[in-house]
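Raw contents of query19.pdb, PDB, C-alpha atoms:
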ATOM      1  CA  MET A  12      10.365   5.448 -22.509  1.00  0.00           C
ATOM      2  CA  GLY A  13       9.075   5.231 -18.948  1.00  0.00           C
ATOM      3  CA  ILE A  14      10.715   3.269 -16.143  1.00  0.00           C
ATOM      4  CA  LEU A  15       7.819   0.772 -16.099  1.00  0.00           C
ATOM      5  CA  GLU A  16       7.603   0.324 -19.852  1.00  0.00           C
ATOM      6  CA  GLY A  17       6.301  -3.174 -20.598  1.00  0.00           C
ATOM      7  CA  LYS A  18       5.646  -3.955 -16.921  1.00  0.00           C
ATOM      8  CA  ARG A  19       2.406  -5.454 -15.684  1.00  0.00           C
ATOM      9  CA  ILE A  20       1.476  -4.008 -12.321  1.00  0.00           C
ATOM     10  CA  LEU A  21      -1.340  -4.920  -9.939  1.00  0.00           C
ATOM     11  CA  ILE A  22      -2.496  -2.137  -7.619  1.00  0.00           C
ATOM     12  CA  THR A  23      -4.774  -2.599  -4.625  1.00  0.00           C
ATOM     13  CA  GLY A  24      -6.413   0.005  -2.440  1.00  0.00           C
ATOM     14  CA  VAL A  25      -7.702   2.564  -4.940  1.00  0.00           C
ATOM     15  CA  LEU A  26     -10.921   3.936  -3.491  1.00  0.00           C
ATOM     16  CA  THR A  27     -10.992   7.634  -4.366  1.00  0.00           C
ATOM     17  CA  ASP A  28      -8.788   9.944  -6.401  1.00  0.00           C
ATOM     18  CA  ASP A  29      -7.171  11.198  -3.193  1.00  0.00           C
ATOM     19  CA  SER A  30      -5.962   7.672  -2.382  1.00  0.00           C
ATOM     20  CA  LEU A  31      -2.204   7.251  -2.312  1.00  0.00           C
ATOM     21  CA  ALA A  32      -2.735   4.101  -4.373  1.00  0.00           C
ATOM     22  CA  PHE A  33      -4.479   6.202  -7.034  1.00  0.00           C
ATOM     23  CA  ASP A  34      -1.390   8.394  -7.260  1.00  0.00           C
ATOM     24  CA  ALA A  35       0.755   5.280  -7.682  1.00  0.00           C
ATOM     25  CA  ALA A  36      -1.532   3.928 -10.408  1.00  0.00           C
ATOM     26  CA  HIS A  37      -1.467   7.280 -12.207  1.00  0.00           C
ATOM     27  CA  VAL A  38       2.329   7.520 -12.144  1.00  0.00           C
ATOM     28  CA  ALA A  39       2.691   3.842 -13.100  1.00  0.00           C
ATOM     29  CA  GLN A  40       0.631   4.386 -16.232  1.00  0.00           C
ATOM     30  CA  GLU A  41       2.551   7.551 -17.074  1.00  0.00           C
ATOM     31  CA  GLU A  42       5.734   5.467 -16.811  1.00  0.00           C
ATOM     32  CA  GLY A  43       4.468   2.873 -19.271  1.00  0.00           C
ATOM     33  CA  ALA A  44       2.936   0.149 -17.081  1.00  0.00           C
ATOM     34  CA  GLU A  45      -0.134  -1.871 -17.859  1.00  0.00           C
ATOM     35  CA  VAL A  46      -2.206  -1.650 -14.690  1.00  0.00           C
ATOM     36  CA  LEU A  47      -5.031  -3.632 -13.124  1.00  0.00           C
ATOM     37  CA  LEU A  48      -6.796  -2.589  -9.936  1.00  0.00           C
ATOM     38  CA  THR A  49      -8.501  -4.619  -7.220  1.00  0.00           C
ATOM     39  CA  SER A  50     -11.460  -3.832  -5.029  1.00  0.00           C
ATOM     40  CA  PHE A  51     -14.319  -5.751  -3.438  1.00  0.00           C
ATOM     41  CA  GLY A  52     -17.935  -5.725  -2.368  1.00  0.00           C
ATOM     42  CA  ARG A  53     -19.858  -2.496  -2.249  1.00  0.00           C
ATOM     43  CA  VAL A  54     -16.801  -0.302  -2.820  1.00  0.00           C
ATOM     44  CA  MET A  55     -16.056  -1.846  -6.231  1.00  0.00           C
ATOM     45  CA  SER A  56     -18.407   0.679  -7.818  1.00  0.00           C
ATOM     46  CA  LEU A  57     -16.352   3.503  -6.270  1.00  0.00           C
ATOM     47  CA  THR A  58     -13.093   2.008  -7.548  1.00  0.00           C
ATOM     48  CA  ARG A  59     -14.537   1.571 -11.056  1.00  0.00           C
ATOM     49  CA  ARG A  60     -15.723   5.176 -11.026  1.00  0.00           C
ATOM     50  CA  VAL A  61     -12.354   6.598  -9.987  1.00  0.00           C
ATOM     51  CA  ALA A  62     -10.532   4.281 -12.423  1.00  0.00           C
ATOM     52  CA  ARG A  63     -12.022   6.385 -15.223  1.00  0.00           C
ATOM     53  CA  LYS A  64      -9.908   9.313 -14.003  1.00  0.00           C
ATOM     54  CA  LEU A  65      -6.652   7.506 -14.761  1.00  0.00           C
ATOM     55  CA  PRO A  66      -4.852   8.142 -18.060  1.00  0.00           C
ATOM     56  CA  VAL A  67      -6.004   4.694 -19.261  1.00  0.00           C
ATOM     57  CA  GLU A  68      -9.053   3.199 -17.556  1.00  0.00           C
ATOM     58  CA  PRO A  69      -7.975  -0.149 -16.051  1.00  0.00           C
ATOM     59  CA  ASP A  70     -10.177  -3.099 -15.244  1.00  0.00           C
ATOM     60  CA  VAL A  71     -11.040  -3.698 -11.599  1.00  0.00           C
ATOM     61  CA  LEU A  72     -10.791  -7.270 -10.323  1.00  0.00           C
ATOM     62  CA  GLU A  73     -12.341  -8.533  -7.112  1.00  0.00           C
ATOM     63  CA  LEU A  74     -10.169  -9.201  -4.068  1.00  0.00           C
ATOM     64  CA  ASP A  75     -11.342  -9.438  -0.485  1.00  0.00           C
ATOM     65  CA  VAL A  76      -8.178 -10.459   1.360  1.00  0.00           C
ATOM     66  CA  THR A  77     -10.206 -12.151   4.098  1.00  0.00           C
ATOM     67  CA  VAL A  78     -11.702 -14.627   1.596  1.00  0.00           C
ATOM     68  CA  PRO A  79      -9.109 -17.258   0.499  1.00  0.00           C
ATOM     69  CA  ASP A  80     -11.008 -18.122  -2.678  1.00  0.00           C
ATOM     70  CA  HIS A  81     -10.699 -14.508  -3.842  1.00  0.00           C
ATOM     71  CA  MET A  82      -6.914 -14.637  -3.958  1.00  0.00           C
ATOM     72  CA  ASP A  83      -7.008 -17.934  -5.822  1.00  0.00           C
ATOM     73  CA  ALA A  84      -9.486 -16.537  -8.346  1.00  0.00           C
ATOM     74  CA  LEU A  85      -7.472 -13.338  -8.786  1.00  0.00           C
ATOM     75  CA  ALA A  86      -4.262 -15.273  -9.437  1.00  0.00           C
ATOM     76  CA  ALA A  87      -6.063 -17.439 -11.990  1.00  0.00           C
ATOM     77  CA  GLU A  88      -7.435 -14.365 -13.768  1.00  0.00           C
ATOM     78  CA  LEU A  89      -4.010 -12.709 -13.837  1.00  0.00           C
ATOM     79  CA  GLU A  90      -2.538 -15.905 -15.248  1.00  0.00           C
ATOM     80  CA  ARG A  91      -5.201 -15.911 -17.974  1.00  0.00           C
ATOM     81  CA  ARG A  92      -4.772 -12.241 -18.857  1.00  0.00           C
ATOM     82  CA  TRP A  93      -1.071 -11.647 -18.356  1.00  0.00           C
ATOM     83  CA  GLY A  94       0.726 -14.908 -17.632  1.00  0.00           C
ATOM     84  CA  ARG A  95       2.982 -13.035 -15.227  1.00  0.00           C
ATOM     85  CA  VAL A  96       3.078 -10.112 -12.793  1.00  0.00           C
ATOM     86  CA  ASP A  97       6.079  -7.785 -12.618  1.00  0.00           C
ATOM     87  CA  GLY A  98       5.008  -5.801  -9.603  1.00  0.00           C
ATOM     88  CA  ALA A  99       2.236  -5.210  -7.102  1.00  0.00           C
ATOM     89  CA  LEU A 100       1.288  -2.459  -4.685  1.00  0.00           C
ATOM     90  CA  HIS A 101      -0.256  -3.498  -1.375  1.00  0.00           C
ATOM     91  CA  ALA A 102      -2.358  -0.574  -0.135  1.00  0.00           C
ATOM     92  CA  ILE A 103      -4.885  -2.478   1.947  1.00  0.00           C
ATOM     93  CA  GLY A 104      -5.800  -1.360   5.434  1.00  0.00           C
ATOM     94  CA  ASN A 105      -8.824  -1.246   7.661  1.00  0.00           C
ATOM     95  CA  ALA A 106      -9.600  -1.403  11.365  1.00  0.00           C
ATOM     96  CA  PRO A 107     -12.760  -1.272  13.450  1.00  0.00           C
ATOM     97  CA  PRO A 108     -13.352   2.187  14.947  1.00  0.00           C
ATOM     98  CA  GLU A 109     -12.540   0.905  18.426  1.00  0.00           C
ATOM     99  CA  CYS A 110      -8.934   0.414  17.287  1.00  0.00           C
ATOM    100  CA  LEU A 111      -8.472   4.117  16.546  1.00  0.00           C
ATOM    101  CA  GLY A 112      -8.816   7.107  18.846  1.00  0.00           C
ATOM    102  CA  GLY A 113      -9.225   7.096  22.601  1.00  0.00           C
ATOM    103  CA  ASP A 114      -6.868   4.681  24.312  1.00  0.00           C
ATOM    104  CA  MET A 115      -5.592   1.134  23.818  1.00  0.00           C
ATOM    105  CA  PHE A 116      -8.247  -0.383  26.074  1.00  0.00           C
ATOM    106  CA  ARG A 117     -11.262   0.298  23.855  1.00  0.00           C
ATOM    107  CA  ALA A 118     -10.666  -2.577  21.435  1.00  0.00           C
ATOM    108  CA  ASP A 119     -11.173  -6.257  22.198  1.00  0.00           C
ATOM    109  CA  TRP A 120      -9.280  -9.128  20.571  1.00  0.00           C
ATOM    110  CA  ASP A 121     -11.794  -9.710  17.774  1.00  0.00           C
ATOM    111  CA  GLN A 122     -11.466  -6.085  16.705  1.00  0.00           C
ATOM    112  CA  VAL A 123      -7.666  -6.132  16.937  1.00  0.00           C
ATOM    113  CA  ALA A 124      -7.535  -9.440  15.062  1.00  0.00           C
ATOM    114  CA  SER A 125      -9.595  -7.925  12.258  1.00  0.00           C
ATOM    115  CA  ALA A 126      -7.177  -4.998  11.955  1.00  0.00           C
ATOM    116  CA  ILE A 127      -4.163  -7.311  11.867  1.00  0.00           C
ATOM    117  CA  GLN A 128      -5.704  -9.709   9.348  1.00  0.00           C
ATOM    118  CA  VAL A 129      -6.761  -7.020   6.895  1.00  0.00           C
ATOM    119  CA  SER A 130      -3.901  -4.558   7.318  1.00  0.00           C
ATOM    120  CA  ALA A 131      -0.856  -6.785   7.952  1.00  0.00           C
ATOM    121  CA  TYR A 132      -1.469 -10.482   7.283  1.00  0.00           C
ATOM    122  CA  SER A 133      -2.936  -9.599   3.883  1.00  0.00           C
ATOM    123  CA  LEU A 134       0.581  -8.699   2.703  1.00  0.00           C
ATOM    124  CA  LYS A 135       1.475 -12.375   3.103  1.00  0.00           C
ATOM    125  CA  VAL A 136      -1.758 -13.386   1.341  1.00  0.00           C
ATOM    126  CA  LEU A 137      -0.945 -11.184  -1.650  1.00  0.00           C
ATOM    127  CA  ALA A 138       2.708 -12.265  -1.772  1.00  0.00           C
ATOM    128  CA  GLN A 139       1.855 -15.958  -1.630  1.00  0.00           C
ATOM    129  CA  GLY A 140      -0.912 -15.700  -4.218  1.00  0.00           C
ATOM    130  CA  LEU A 141       1.248 -13.767  -6.677  1.00  0.00           C
ATOM    131  CA  LEU A 142       4.452 -15.760  -6.212  1.00  0.00           C
ATOM    132  CA  PRO A 143       3.945 -18.106  -9.216  1.00  0.00           C
ATOM    133  CA  LEU A 144       3.233 -15.053 -11.392  1.00  0.00           C
ATOM    134  CA  PHE A 145       6.340 -13.277 -10.100  1.00  0.00           C
ATOM    135  CA  GLN A 146       8.323 -16.429 -10.857  1.00  0.00           C
ATOM    136  CA  ALA A 147       6.918 -16.458 -14.388  1.00  0.00           C
ATOM    137  CA  ALA A 148       8.293 -12.926 -14.775  1.00  0.00           C
ATOM    138  CA  GLY A 149      11.714 -14.005 -13.519  1.00  0.00           C
ATOM    139  CA  GLY A 150      11.248 -11.997 -10.326  1.00  0.00           C
ATOM    140  CA  GLY A 151       9.401  -8.870  -9.359  1.00  0.00           C
ATOM    141  CA  SER A 152       8.682  -6.197  -6.803  1.00  0.00           C
ATOM    142  CA  LEU A 153       6.097  -6.096  -4.033  1.00  0.00           C
ATOM    143  CA  VAL A 154       5.645  -2.644  -2.479  1.00  0.00           C
ATOM    144  CA  GLY A 155       3.475  -1.825   0.530  1.00  0.00           C
ATOM    145  CA  LEU A 156       2.150   1.468   1.849  1.00  0.00           C
ATOM    146  CA  ASP A 157       3.195   2.011   5.446  1.00  0.00           C
ATOM    147  CA  PHE A 158       2.941   4.577   8.237  1.00  0.00           C
ATOM    148  CA  ASP A 159       6.048   4.745  10.422  1.00  0.00           C
ATOM    149  CA  ALA A 160       5.564   2.362  13.365  1.00  0.00           C
ATOM    150  CA  SER A 161       8.740   3.225  15.248  1.00  0.00           C
ATOM    151  CA  VAL A 162       6.928   5.489  17.732  1.00  0.00           C
ATOM    152  CA  ALA A 163       3.502   5.765  19.383  1.00  0.00           C
ATOM    153  CA  TRP A 164       1.309   8.255  17.523  1.00  0.00           C
ATOM    154  CA  PRO A 165      -1.734  10.138  18.806  1.00  0.00           C
ATOM    155  CA  ALA A 166      -4.987   8.283  18.031  1.00  0.00           C
ATOM    156  CA  TYR A 167      -3.350   5.646  15.787  1.00  0.00           C
ATOM    157  CA  ASN A 168      -3.344   3.027  18.558  1.00  0.00           C
ATOM    158  CA  TRP A 169      -3.929  -0.525  17.309  1.00  0.00           C
ATOM    159  CA  MET A 170      -3.252   0.468  13.724  1.00  0.00           C
ATOM    160  CA  GLY A 171       0.193   1.523  14.926  1.00  0.00           C
ATOM    161  CA  VAL A 172       0.677  -1.932  16.432  1.00  0.00           C
ATOM    162  CA  THR A 173      -0.605  -3.444  13.196  1.00  0.00           C
ATOM    163  CA  LYS A 174       1.845  -1.376  11.140  1.00  0.00           C
ATOM    164  CA  ALA A 175       4.674  -2.603  13.352  1.00  0.00           C
ATOM    165  CA  ALA A 176       3.637  -6.155  12.476  1.00  0.00           C
ATOM    166  CA  TYR A 177       3.395  -5.104   8.816  1.00  0.00           C
ATOM    167  CA  GLU A 178       6.952  -3.772   8.822  1.00  0.00           C
ATOM    168  CA  SER A 179       8.289  -6.917  10.470  1.00  0.00           C
ATOM    169  CA  LEU A 180       6.366  -9.142   8.067  1.00  0.00           C
ATOM    170  CA  ALA A 181       7.805  -7.249   5.099  1.00  0.00           C
ATOM    171  CA  ARG A 182      11.330  -8.030   6.295  1.00  0.00           C
ATOM    172  CA  TYR A 183      10.553 -11.736   6.688  1.00  0.00           C
ATOM    173  CA  LEU A 184       8.892 -11.857   3.279  1.00  0.00           C
ATOM    174  CA  ALA A 185      11.939 -10.120   1.804  1.00  0.00           C
ATOM    175  CA  ARG A 186      14.053 -12.910   3.316  1.00  0.00           C
ATOM    176  CA  ASP A 187      11.890 -15.713   1.957  1.00  0.00           C
ATOM    177  CA  LEU A 188      11.111 -14.239  -1.463  1.00  0.00           C
ATOM    178  CA  GLY A 189      14.612 -13.080  -2.282  1.00  0.00           C
ATOM    179  CA  THR A 190      15.547 -16.539  -3.549  1.00  0.00           C
ATOM    180  CA  HIS A 191      12.760 -16.138  -6.111  1.00  0.00           C
ATOM    181  CA  GLY A 192      14.042 -12.770  -7.265  1.00  0.00           C
ATOM    182  CA  VAL A 193      11.184 -10.915  -5.590  1.00  0.00           C
ATOM    183  CA  ARG A 194      11.914  -7.698  -3.692  1.00  0.00           C
ATOM    184  CA  VAL A 195       9.677  -6.536  -0.830  1.00  0.00           C
ATOM    185  CA  ASN A 196       9.834  -2.912   0.279  1.00  0.00           C
ATOM    186  CA  LEU A 197       7.597  -0.420   2.054  1.00  0.00           C
ATOM    187  CA  VAL A 198       6.964   3.278   1.548  1.00  0.00           C
ATOM    188  CA  ALA A 199       6.259   5.043   4.845  1.00  0.00           C
ATOM    189  CA  ALA A 200       4.113   7.930   3.721  1.00  0.00           C
ATOM    190  CA  GLY A 201       3.444  11.132   5.563  1.00  0.00           C
ATOM    191  CA  PRO A 202      -0.191  11.849   6.411  1.00  0.00           C
ATOM    192  CA  LYS A 203      -2.538  12.869   3.627  1.00  0.00           C
ATOM    193  CA  ARG A 204      -6.106  14.016   4.084  1.00  0.00           C
ATOM    194  CA  THR A 205      -7.698  10.976   2.468  1.00  0.00           C
ATOM    195  CA  MET A 206     -11.021   9.316   3.153  1.00  0.00           C
ATOM    196  CA  ALA A 207      -9.226   6.826   5.434  1.00  0.00           C
ATOM    197  CA  ALA A 208      -7.453   9.597   7.352  1.00  0.00           C
ATOM    198  CA  LYS A 209     -10.675  11.491   7.928  1.00  0.00           C
ATOM    199  CA  SER A 210     -12.068   8.454   9.754  1.00  0.00           C
ATOM    200  CA  ILE A 211      -9.311   8.655  12.398  1.00  0.00           C
ATOM    201  CA  ASP A 212     -10.447  10.481  15.510  1.00  0.00           C
ATOM    202  CA  GLY A 213      -7.590  12.873  16.273  1.00  0.00           C
ATOM    203  CA  PHE A 214      -6.149  13.141  12.732  1.00  0.00           C
ATOM    204  CA  SER A 215      -5.875  16.904  13.290  1.00  0.00           C
ATOM    205  CA  ALA A 216      -2.944  16.200  15.614  1.00  0.00           C
ATOM    206  CA  PHE A 217      -0.957  15.046  12.591  1.00  0.00           C
ATOM    207  CA  GLU A 218      -1.945  18.135  10.632  1.00  0.00           C
ATOM    208  CA  ASP A 219      -0.895  20.455  13.445  1.00  0.00           C
ATOM    209  CA  ALA A 220       2.520  18.811  13.879  1.00  0.00           C
ATOM    210  CA  TRP A 221       3.638  17.724  10.425  1.00  0.00           C
ATOM    211  CA  ALA A 222       3.824  20.908   8.372  1.00  0.00           C
ATOM    212  CA  PRO A 223       5.869  23.052  10.809  1.00  0.00           C
ATOM    213  CA  ARG A 224       8.271  20.222  11.723  1.00  0.00           C
ATOM    214  CA  SER A 225       8.954  18.515   8.420  1.00  0.00           C
ATOM    215  CA  PRO A 226      12.083  19.981   6.762  1.00  0.00           C
ATOM    216  CA  LEU A 227      10.465  19.842   3.328  1.00  0.00           C
ATOM    217  CA  HIS A 228       7.184  21.378   4.522  1.00  0.00           C
ATOM    218  CA  TRP A 229       4.848  18.436   3.978  1.00  0.00           C
ATOM    219  CA  ASP A 230       1.300  19.468   3.049  1.00  0.00           C
ATOM    220  CA  VAL A 231      -1.292  17.009   4.381  1.00  0.00           C
ATOM    221  CA  ASN A 232      -3.845  18.378   1.917  1.00  0.00           C
ATOM    222  CA  ASP A 233      -1.664  17.937  -1.166  1.00  0.00           C
ATOM    223  CA  PRO A 234       1.725  16.204  -1.001  1.00  0.00           C
ATOM    224  CA  GLY A 235       1.575  15.860  -4.783  1.00  0.00           C
ATOM    225  CA  ARG A 236       2.404  12.479  -6.262  1.00  0.00           C
ATOM    226  CA  SER A 237       5.567  12.092  -4.187  1.00  0.00           C
ATOM    227  CA  VAL A 238       4.390   8.861  -2.561  1.00  0.00           C
ATOM    228  CA  GLY A 239       3.194   7.440  -5.864  1.00  0.00           C
ATOM    229  CA  ARG A 240       6.517   8.237  -7.500  1.00  0.00           C
ATOM    230  CA  ALA A 241       8.414   6.468  -4.730  1.00  0.00           C
ATOM    231  CA  CYS A 242       6.213   3.403  -5.134  1.00  0.00           C
ATOM    232  CA  VAL A 243       6.774   3.376  -8.882  1.00  0.00           C
ATOM    233  CA  ALA A 244      10.533   3.748  -8.452  1.00  0.00           C
ATOM    234  CA  LEU A 245      10.560   0.678  -6.191  1.00  0.00           C
ATOM    235  CA  LEU A 246       8.338  -1.227  -8.628  1.00  0.00           C
ATOM    236  CA  SER A 247      10.797  -0.486 -11.422  1.00  0.00           C
ATOM    237  CA  ASP A 248      14.189  -2.056 -12.071  1.00  0.00           C
ATOM    238  CA  PHE A 249      15.988   0.989 -10.621  1.00  0.00           C
ATOM    239  CA  PHE A 250      16.488  -0.733  -7.230  1.00  0.00           C
ATOM    240  CA  PRO A 251      17.488  -4.294  -8.162  1.00  0.00           C
ATOM    241  CA  MET A 252      19.395  -4.944  -4.914  1.00  0.00           C
ATOM    242  CA  THR A 253      17.061  -3.202  -2.465  1.00  0.00           C
ATOM    243  CA  THR A 254      14.723  -5.327  -0.375  1.00  0.00           C
ATOM    244  CA  GLY A 255      13.432  -5.360   3.178  1.00  0.00           C
ATOM    245  CA  GLU A 256      13.658  -1.564   3.169  1.00  0.00           C
ATOM    246  CA  ILE A 257      11.339   1.185   4.430  1.00  0.00           C
ATOM    247  CA  VAL A 258      11.566   4.354   2.348  1.00  0.00           C
ATOM    248  CA  HIS A 259      10.194   7.412   4.143  1.00  0.00           C
ATOM    249  CA  VAL A 260       8.302   9.873   1.963  1.00  0.00           C
ATOM    250  CA  ASP A 261       7.141  12.268   4.663  1.00  0.00           C
ATOM    251  CA  GLY A 262       8.946  15.538   4.091  1.00  0.00           C
ATOM    252  CA  GLY A 263      11.712  14.369   6.414  1.00  0.00           C
ATOM    253  CA  PHE A 264       9.496  14.461   9.516  1.00  0.00           C
ATOM    254  CA  HIS A 265      10.776  11.076  10.751  1.00  0.00           C
ATOM    255  CA  ALA A 266      14.327  12.426  10.975  1.00  0.00           C
ATOM    256  CA  VAL A 267      13.596  15.474  13.114  1.00  0.00           C
ATOM    257  CA  GLY A 268      13.314  15.525  16.921  1.00  0.00           C
ATOM    258  CA  ALA A 269      11.098  17.758  19.048  1.00  0.00           C
TER     259      ALA A 269
END
Output the structure of this file as structure tokens.
Amino acid sequence: MGILEGKRILITGVLTDDSLAFDAAHVAQEEGAEVLLTSFGRVMSLTRRVARKLPVEPDVLELDVTVPDHMDALAAELERRWGRVDGALHAIGNAPPECLGGDMFRADWDQVASAIQVSAYSLKVLAQGLLPLFQAAGGGSLVGLDFDASVAWPAYNWMGVTKAAYESLARYLARDLGTHGVRVNLVAAGPKRTMAAKSIDGFSAFEDAWAPRSPLHWDVNDPGRSVGRACVALLSDFFPMTTGEIVHVDGGFHAVGA
């Protein structure tokens, strides 16, 4: 019996089979979960295509986190199908190109605001929309995919600032949702050569630094399903008293100095 046996898990952010969210969905199904995915707009066809590569092909429901009606409709559909949600993975992030690469002065407020809304504020949107379904389950687990925001990274720029907001928001949500039995934790993943990473001007700086400095020899091309397994562990009942936490799955890079 898997550690998610009988659990109903919503997973956002699956775009390709190299997505970290895809790894989480794959491991979740292997561990017994019933999984639904979300996507939106023109990329829904990509998500549906890659969903066929999972052990059990899940349905893909529409969610654009910038459209309030989408969250309402998603919650209603989950209520109709499942009646409850035991866990959810937030793997949503996007920023205009001006927010990445170069320096901090390239982006204007509208571009920064877009990055913050999609990549940080959306955690609150998902938590609020799913709360009645978590309550119906008697509690649950909300897990978010993070990238360590404790330092300034090359090229990451406004997404680094956004991730700092994301980490802070997760702690406040953990405070407010704890009374409902809902845990909120983040997994700070090491870099992986995904479609999103390839769009970052200067991503090679991560590649050059990570492998030789991480104690466990992180491979940006193939870290295995280590991040997905950590997400699934936090979605399970194995950490009933852990909330507001950031779990680093980065080969130990965060712990090592220059």
Written as a short mmCIF file (atom, residue, chain, number, x, y, z; two decimals) with C-alpha atoms, keeping the file's coordinate frame, which residues does the PyMOL selection byres ((chain A and resi 145-158) around 6) give for the file shown?
data_model
loop_
_atom_site.label_atom_id
_atom_site.label_comp_id
_atom_site.auth_asym_id
_atom_site.auth_seq_id
_atom_site.Cartn_x
_atom_site.Cartn_y
_atom_site.Cartn_z
CA ARG A 95 2.98 -13.04 -15.23
CA VAL A 96 3.08 -10.11 -12.79
CA ASP A 97 6.08 -7.78 -12.62
CA GLY A 98 5.01 -5.80 -9.60
CA ALA A 99 2.24 -5.21 -7.10
CA LEU A 100 1.29 -2.46 -4.68
CA HIS A 101 -0.26 -3.50 -1.38
CA ALA A 102 -2.36 -0.57 -0.14
CA LEU A 142 4.45 -15.76 -6.21
CA PRO A 143 3.94 -18.11 -9.22
CA LEU A 144 3.23 -15.05 -11.39
CA ASP A 159 6.05 4.74 10.42
CA GLY A 192 14.04 -12.77 -7.26
CA VAL A 193 11.18 -10.92 -5.59
CA ARG A 194 11.91 -7.70 -3.69
CA VAL A 195 9.68 -6.54 -0.83
CA ASN A 196 9.83 -2.91 0.28
CA LEU A 197 7.60 -0.42 2.05
CA VAL A 198 6.96 3.28 1.55
CA ALA A 199 6.26 5.04 4.84
CA ALA A 200 4.11 7.93 3.72
CA LEU A 246 8.34 -1.23 -8.63
#
Item checked: Closest of A:Leu184, A:Leu227, A:Val136, A:Met115 to Val172 of chain A - atom-to-atom distances counting all atoms listed in the file -> A:Met115
Next item on the list: Please write the residues picked by the PyMOL selection byres ((chain A and resi 69) around 12) on this file as a PyMOL selection string.
Entry: chain A and resi 19-22+25+33+36-37+39-40+44-49+58-68+70-72
Write the residues you've just listed into a file as a short mmCIF file (atom, residue, chain, number, x, y, z; two decimals), keeping the file's coordinate frame, and include C-alpha atoms for each of them.
data_model
loop_
_atom_site.label_atom_id
_atom_site.label_comp_id
_atom_site.auth_asym_id
_atom_site.auth_seq_id
_atom_site.Cartn_x
_atom_site.Cartn_y
_atom_site.Cartn_z
CA ARG A 19 2.41 -5.45 -15.68
CA ILE A 20 1.48 -4.01 -12.32
CA LEU A 21 -1.34 -4.92 -9.94
CA ILE A 22 -2.50 -2.14 -7.62
CA VAL A 25 -7.70 2.56 -4.94
CA PHE A 33 -4.48 6.20 -7.03
CA ALA A 36 -1.53 3.93 -10.41
CA HIS A 37 -1.47 7.28 -12.21
CA ALA A 39 2.69 3.84 -13.10
CA GLN A 40 0.63 4.39 -16.23
CA ALA A 44 2.94 0.15 -17.08
CA GLU A 45 -0.13 -1.87 -17.86
CA VAL A 46 -2.21 -1.65 -14.69
CA LEU A 47 -5.03 -3.63 -13.12
CA LEU A 48 -6.80 -2.59 -9.94
CA THR A 49 -8.50 -4.62 -7.22
CA THR A 58 -13.09 2.01 -7.55
CA ARG A 59 -14.54 1.57 -11.06
CA ARG A 60 -15.72 5.18 -11.03
CA VAL A 61 -12.35 6.60 -9.99
CA ALA A 62 -10.53 4.28 -12.42
CA ARG A 63 -12.02 6.38 -15.22
CA LYS A 64 -9.91 9.31 -14.00
CA LEU A 65 -6.65 7.51 -14.76
CA PRO A 66 -4.85 8.14 -18.06
CA VAL A 67 -6.00 4.69 -19.26
CA GLU A 68 -9.05 3.20 -17.56
CA ASP A 70 -10.18 -3.10 -15.24
CA VAL A 71 -11.04 -3.70 -11.60
CA LEU A 72 -10.79 -7.27 -10.32
#
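Here atom CA of Arg236 of chain A is placed at a distance of 22.4 Å from atom CA of Thr254 of chain A.
Using the PyMOL selection byres ((chain A and resi 228) around 12) on the file at hand returns these residues: Gly201, Glu218, Ala220, Trp221, Ala222, Pro223, Arg224, Ser225, Pro226, Leu227, Trp229, Asp230, Val231, Asn232, Asp233, Pro234, Val260, Asp261, Gly262, Gly263 and Phe264 of chain A.
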Next item on the list: Kindly indicate which residue among A:Leu141, A:Leu89, A:Leu180, A:Ile103 lies nearest to Ala32 of chain A, using all atoms listed in the file for the distances.
Entry: A:Ile103
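When all atoms listed in the file are used to measure the gap to His259 of chain A, the shortest distance among A:Gly43, A:Ser247, A:Asn168, A:Ala160 belongs to A:Ala160.
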Next item on the list: Give me the residues within 8 Å of Ser130 of chain A as a PyMOL selection string, counting only C-alpha atoms and dropping any in the same chain fewer than 5 places off.
Entry: chain A and resi 103-106+173-174+177
